[in-house]
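Notes follow once the structure below has been shown.
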Amino acid sequence: MKLTYSEPYRVLQGEVRSFIAKHGHLSPKPGGGRQKPSRKALDWQKLLLEHGYFGRNIPREYGGFGLPFDVLELAVIAEEIAKANVYPGIMNQGISMLVPTLLEVGTREQCAKWIAPTISGEIIWCQGYSEPGSGSDLAAAKTRAVVEDGHFVINGQKIWTSSAHYSDMMFLLCRTEPEKPKHAGLSYLLVPMTTPGIEVRPLVTMTGRATFNETFFTDVRVPVDQIVMGRGDGWYVANVTLKFERLLLGDANRLSSRLERVRELMQRTTLDGQRIMDIPEYRDRLLRLQGEVMASKYHGLRLLTEQARGEDSGLRRLIVKYNGTLLGYRLSSLAVDVLGAAGLAYDAKDESAETDEATAWHIDNMYDIGLMIGGGSTNIQKNIIGERGLGLPREPKAATSPAS
Amino acid sequence: MDFALSDEQKMLEASLRGLLADRLPMERRRAIAAAGNGHDAELWSGLVAQGIAGLAVPERHGGAGLGVLDAAVVAETLGHHAAPGAFAGSLVMAPLALQASGTDAQQAEWLPRIASGEARIAVGFAGAAGQTGAASVTFDGKRLSGLVQGVFDGGGATHVLVYLADGRPALVAVDGEGVRANLVASLDRTRPLLDVTFADAPAMLLGAANDPIAARTRVLDAGRVMLAADTLGAAQAMLDQAVAYAKERVQFGRVIGSFQAVKHTLADLATMLEPCRSLVWFAAHAQDALPEEARLAALQAKAHLDDVGREVARLSTEVHGGMGFTDLQGLHFWFKRIDTNRQLLGTPERCRHEAALVQGWVSG
């Protein structure tokens, strides 16, 4: 057990600190993000890429920094950036999901064409997976693509396509081999959002904001080489992508800072004139959550160590999304309760706009439910934990037919 | 950065598991529980032979000089096997108390006796430790009077170290003059509690600590980490048994683990329990290495493990259906162990209250 970093990591720590001291004033404000990056964000991104604090392990030929993967280096950089409260870089589904997928299964040409402009923030991607009839059962996708004179011709509908309204590209899961069994009939296509026949309609969520969209495809034509791996490999590629989404969704640093914000809120909010923190029932709720956040934080350090050693974390990895999203929700629920009736004024503005504290907590609280559902819902997570983690048998299968 | 057990700690765990798997089959556990004195000479000599008795005793006094994290590995393993025997109190808290509050001469006299397995010292508290029973002891400079109830690790105790209200501990032999120590028939029959009355009992005071309250706090927190680790092991054993049962038991023509009601319950328990191991490791490590974080970590580890342990104990029992409720299945040994640990050295509510004070969230 050693909780300090060894010399090379302390050197890196010092480098990141002096980078922030020198350039930190150029950083955009952290947070937000679900919008097209501003000029300021693009310039900051360029600085991060040049110094290897973003895209550190992406090959240089694809616009990255080209260093071998070292999870502790990434942890040191993330910690320093979080501590200094500067912008950690552009994060979107293209960067977090498509880029690692291309690096794992894409061709050299695809990597060369797409990765550099994606990590620089010039090209924004959205994810075309879920459909009205296939959410948790993703492999039942019905959106069809048939080949006609060198093009895939796509017809169908996708849903929950966050950021589609300002995206340049979509990675799309669709059915190209309808005669094959469900999982073997899918392909993974790369589709420019400017292609004629694509219509994006905003989908207003329970928060009152339009953060999602429905995307409709009518005879949308993309060249046949705009495919990752081959026809019928879409399910495999999509699972590579989803693996990266699940890693993204349960971050212990975020939980610690949210706990700290709730504590601070409880110390300055009063109920019938009494400080909320002085009321034992509220305080005990916060302390219970603190115990869970601590457990999650140290669990994260354990996973980090295992990853650095190349060990398989198995069950310990599988619980992270479920545990982290539920805990985040319970923290925002406490904040909402602390704000009480005075916190019920609700004015959800456009995403890019600032909102008042109470509205922000209520949005977070509802958005947390979205996080529990998205990227493999909690009920699906429990199946995965039970089956892959604990080795319990699968539910007997209902007879499956190829989706058509 | 290396958040993991060392190879030595893994070996310690493996060898202790081997010993307990061999020496403590269910029928042996049952026999020890039925005898009710919480001490089994054969099992104890096995633990002593593995060096467990001297684990927390410095090398110069005949021990292994290991730390709180090493001790937590042992406590977790003992909990996993629902093993009788006085560890947390007698082999961790007592040697720490002697080192924190004893003179050099007292340490030289008593620590080797702990390491050899000859002295088994139960540790009791007259207040400040979160107990609900009577705890009132006075000391006139030479003799103790009063009563302490519910001293844990009482089975097979040769001595009792009782903390006075001012934070100084005093040592008596259980069969000493003026001492009456009664084993209580306890919920956990493998680890009975002890009620001790003192009637002008001559006692040896351990008064060498500069700050007796702080010294007592360190001993208490180490004990809390041990109980949390013990509960971690016991809860993991219950969950393991429930998972195994769910893979075997057939109803409606299917193994019950294929039903989502059962599968999701077990997934919930695994999700709750798995991060607990890291919390216990951190809390144990902090006791020796991170003094500024040690208090909060010990209190939160105790409180959180008590709560998770209770959920795991209930739902693992439920997954077993009617069999879980029987004596025959034997699950109740772990259930009772977890419940007992919860009530000792401060319940979760008590520990969290103290955690708020420690962090200055409220004023005492």
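So you can find residues: chains in the structure tokens are A, B, ... in the order shown, residues in each start at 1, and ligands are numbered from 1 in order.
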Expected answer as a PyMOL selection string: chain A residues within 9 Å of chain B, only C-alpha atoms: chain A and resi 1-6+72+263+267+277-278+280+283-284+287-288+290-292+294-306+315-316+318-320+322-323+379+381-387+389-396
Saved selection, atoms kept: C-alpha atoms, as a PDB file, in the first residue's frame:
ATOM      1  CA  MET A   1       0.000   0.000   0.000  1.00  0.00           C
ATOM      2  CA  LYS A   2       1.574   3.226  -1.156  1.00  0.00           C
ATOM      3  CA  LEU A   3      -0.522   6.310  -1.753  1.00  0.00           C
ATOM      4  CA  THR A   4       2.132   8.652  -3.064  1.00  0.00           C
ATOM      5  CA  TYR A   5       3.466   8.914  -6.588  1.00  0.00           C
ATOM      6  CA  SER A   6       7.020   7.852  -7.417  1.00  0.00           C
ATOM      7  CA  LEU A  72      -0.998   6.755 -13.580  1.00  0.00           C
ATOM      8  CA  ARG A 263     -21.723  19.989   2.614  1.00  0.00           C
ATOM      9  CA  GLN A 267     -23.647  24.812   6.260  1.00  0.00           C
ATOM     10  CA  MET A 277     -26.037  21.005   9.276  1.00  0.00           C
ATOM     11  CA  ASP A 278     -27.103  21.292  12.921  1.00  0.00           C
ATOM     12  CA  PRO A 280     -29.101  15.517  13.031  1.00  0.00           C
ATOM     13  CA  ARG A 283     -26.428  15.606   8.868  1.00  0.00           C
ATOM     14  CA  ASP A 284     -26.663  11.835   9.118  1.00  0.00           C
ATOM     15  CA  LEU A 287     -22.460  11.428   6.568  1.00  0.00           C
ATOM     16  CA  ARG A 288     -23.898   8.217   5.117  1.00  0.00           C
ATOM     17  CA  GLN A 290     -19.726  10.546   2.686  1.00  0.00           C
ATOM     18  CA  GLY A 291     -19.002   6.949   3.700  1.00  0.00           C
ATOM     19  CA  GLU A 292     -20.148   5.745   0.306  1.00  0.00           C
ATOM     20  CA  MET A 294     -15.061   7.465   0.345  1.00  0.00           C
ATOM     21  CA  ALA A 295     -15.571   3.785  -0.473  1.00  0.00           C
ATOM     22  CA  SER A 296     -16.060   4.657  -4.155  1.00  0.00           C
ATOM     23  CA  LYS A 297     -13.010   6.901  -4.187  1.00  0.00           C
ATOM     24  CA  TYR A 298     -10.674   4.266  -2.758  1.00  0.00           C
ATOM     25  CA  HIS A 299     -12.282   1.647  -4.969  1.00  0.00           C
ATOM     26  CA  GLY A 300     -11.259   3.894  -7.863  1.00  0.00           C
ATOM     27  CA  LEU A 301      -7.643   3.914  -6.608  1.00  0.00           C
ATOM     28  CA  ARG A 302      -7.725   0.135  -6.433  1.00  0.00           C
ATOM     29  CA  LEU A 303      -8.976  -0.100 -10.016  1.00  0.00           C
ATOM     30  CA  LEU A 304      -6.303   2.372 -11.093  1.00  0.00           C
ATOM     31  CA  THR A 305      -3.619   0.191  -9.534  1.00  0.00           C
ATOM     32  CA  GLU A 306      -5.016  -2.929 -11.168  1.00  0.00           C
ATOM     33  CA  LEU A 315     -16.602  -7.670 -11.057  1.00  0.00           C
ATOM     34  CA  ARG A 316     -14.916  -4.639  -9.504  1.00  0.00           C
ATOM     35  CA  LEU A 318     -18.555  -3.914 -13.698  1.00  0.00           C
ATOM     36  CA  ILE A 319     -20.107  -2.256 -10.638  1.00  0.00           C
ATOM     37  CA  VAL A 320     -18.675   1.213 -11.314  1.00  0.00           C
ATOM     38  CA  TYR A 322     -24.313   1.482 -11.424  1.00  0.00           C
ATOM     39  CA  ASN A 323     -22.646   2.481  -8.161  1.00  0.00           C
ATOM     40  CA  ASN A 379     -31.380  -2.930 -14.723  1.00  0.00           C
ATOM     41  CA  GLN A 381     -26.072  -3.248 -15.381  1.00  0.00           C
ATOM     42  CA  LYS A 382     -27.474  -5.583 -12.734  1.00  0.00           C
ATOM     43  CA  ASN A 383     -27.780  -8.344 -15.329  1.00  0.00           C
ATOM     44  CA  ILE A 384     -24.190  -7.748 -16.400  1.00  0.00           C
ATOM     45  CA  ILE A 385     -22.945  -7.734 -12.782  1.00  0.00           C
ATOM     46  CA  GLY A 386     -24.928 -10.865 -11.979  1.00  0.00           C
ATOM     47  CA  GLU A 387     -23.992 -12.796 -15.101  1.00  0.00           C
ATOM     48  CA  GLY A 389     -19.392 -10.683 -12.435  1.00  0.00           C
ATOM     49  CA  LEU A 390     -21.001 -13.346 -10.245  1.00  0.00           C
ATOM     50  CA  GLY A 391     -21.383 -16.087 -12.851  1.00  0.00           C
ATOM     51  CA  LEU A 392     -25.141 -16.448 -12.446  1.00  0.00           C
ATOM     52  CA  PRO A 393     -26.999 -18.085 -15.348  1.00  0.00           C
ATOM     53  CA  ARG A 394     -28.684 -15.993 -18.005  1.00  0.00           C
ATOM     54  CA  GLU A 395     -32.435 -15.596 -18.166  1.00  0.00           C
ATOM     55  CA  PRO A 396     -33.778 -18.348 -20.429  1.00  0.00           C
TER      56      PRO A 396
END
Shell of 10 Å around region 35-48 of chain B, only C-alpha atoms, local chain residues under 6 positions omitted, as a ChimeraX atom specification: /B:16,19-20,23-24,28-29,54-55,83-87,114-118,153-157,183-186,188-193
Please produce a file of those selected residues containing C-alpha atoms, as a short mmCIF file (atom, residue, chain, number, x, y, z; two decimals), in the first residue's frame.
data_model
loop_
_atom_site.label_atom_id
_atom_site.label_comp_id
_atom_site.auth_asym_id
_atom_site.auth_seq_id
_atom_site.Cartn_x
_atom_site.Cartn_y
_atom_site.Cartn_z
CA LEU B 16 -4.70 -18.21 7.55
CA LEU B 19 -5.61 -23.07 8.59
CA LEU B 20 -9.25 -22.09 9.16
CA ARG B 23 -9.43 -26.56 11.51
CA LEU B 24 -12.86 -24.98 11.43
CA ARG B 28 -16.37 -27.60 14.79
CA ARG B 29 -17.86 -24.09 14.75
CA GLY B 54 2.35 -11.45 18.05
CA LEU B 55 1.26 -9.69 14.89
CA ALA B 83 -13.90 -17.93 13.58
CA PRO B 84 -14.12 -17.94 17.37
CA GLY B 85 -11.16 -16.45 19.18
CA ALA B 86 -10.16 -13.10 20.57
CA PHE B 87 -8.36 -11.10 17.91
CA ILE B 114 0.65 -11.45 24.40
CA ALA B 115 2.89 -12.55 21.54
CA SER B 116 3.29 -16.03 23.00
CA GLY B 117 -0.48 -16.45 23.30
CA GLU B 118 -0.24 -16.80 27.07
CA ASP B 153 -13.35 -10.83 23.10
CA GLY B 154 -14.24 -12.12 26.53
CA GLY B 155 -14.01 -15.82 25.72
CA GLY B 156 -10.83 -17.28 27.13
CA ALA B 157 -9.67 -13.92 28.47
CA LEU B 183 -19.25 -14.69 30.49
CA VAL B 184 -22.64 -13.68 29.13
CA ALA B 185 -24.61 -16.07 26.95
CA SER B 186 -24.40 -13.79 23.90
CA ASP B 188 -22.88 -14.64 18.87
CA ARG B 189 -22.13 -17.79 20.83
CA THR B 190 -18.72 -18.07 19.20
CA ARG B 191 -17.63 -14.75 20.71
CA PRO B 192 -19.34 -14.26 24.09
CA LEU B 193 -19.15 -10.94 25.93
#
Which residue of A:Arg221, A:Ile20, A:Arg317, A:Gln307 approaches Leu74 (chain A) most closely, using only C-alpha atoms: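 Residue with the minimum atom-to-atom distance to Leu74 (chain A): A:Gln307.
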Region 226-233 of chain A environment, 6 Å, only C-alpha atoms, sequence neighbours closer than 6 positions dropped, as a list in words: Gly106, Ala184, Gly185, Leu186, Ser187, Tyr188, Leu189 and Leu190 of chain A
Rows by chain and residue number, region 2-99 of chain A within 9 Å of region 159-172 of chain A, shortest pair, only C-alpha atoms, as JSON lines:
{"residue": "A:Arg34", "atom": "CA", "partner": "A:Ser163", "partner_atom": "CA", "distance": 6.9}
{"residue": "A:Gln35", "atom": "CA", "partner": "A:Ser163", "partner_atom": "CA", "distance": 7.2}
{"residue": "A:Lys36", "atom": "CA", "partner": "A:Tyr166", "partner_atom": "CA", "distance": 6.5}
{"residue": "A:Asn92", "atom": "CA", "partner": "A:Ser163", "partner_atom": "CA", "distance": 8.9}
{"residue": "A:Gly94", "atom": "CA", "partner": "A:Phe171", "partner_atom": "CA", "distance": 8.5}
{"residue": "A:Leu98", "atom": "CA", "partner": "A:Phe171", "partner_atom": "CA", "distance": 7.5}
Residues near region 91-96 of chain B, cut-off 9 Å, only C-alpha atoms, skip fewer than 6 positions along chain, as a ChimeraX atom specification: /B:52-58,68,71,107,110-111,114-115,117,120-123,161,218-220,222-223,226
Residue list (helix (DSSP H, G or I), DSSP) for region 144-356 of chain A, as a ChimeraX atom specification: /A:164-166,182-185,234-248,252-268,276-278,280-308,315-318,320-343
From A:Lys83, A:Arg309, A:Arg258, A:Arg175, residue lying nearest Val16 (chain A) [only C-alpha atoms]: A:Lys83
Backbone DSSP call of strand (DSSP E or B) for region 68-216 of chain B, listed as a PyMOL selection string: chain B and resi 121-125+135-139+143-151+159-163+169-173+179-183+194-202+204-205
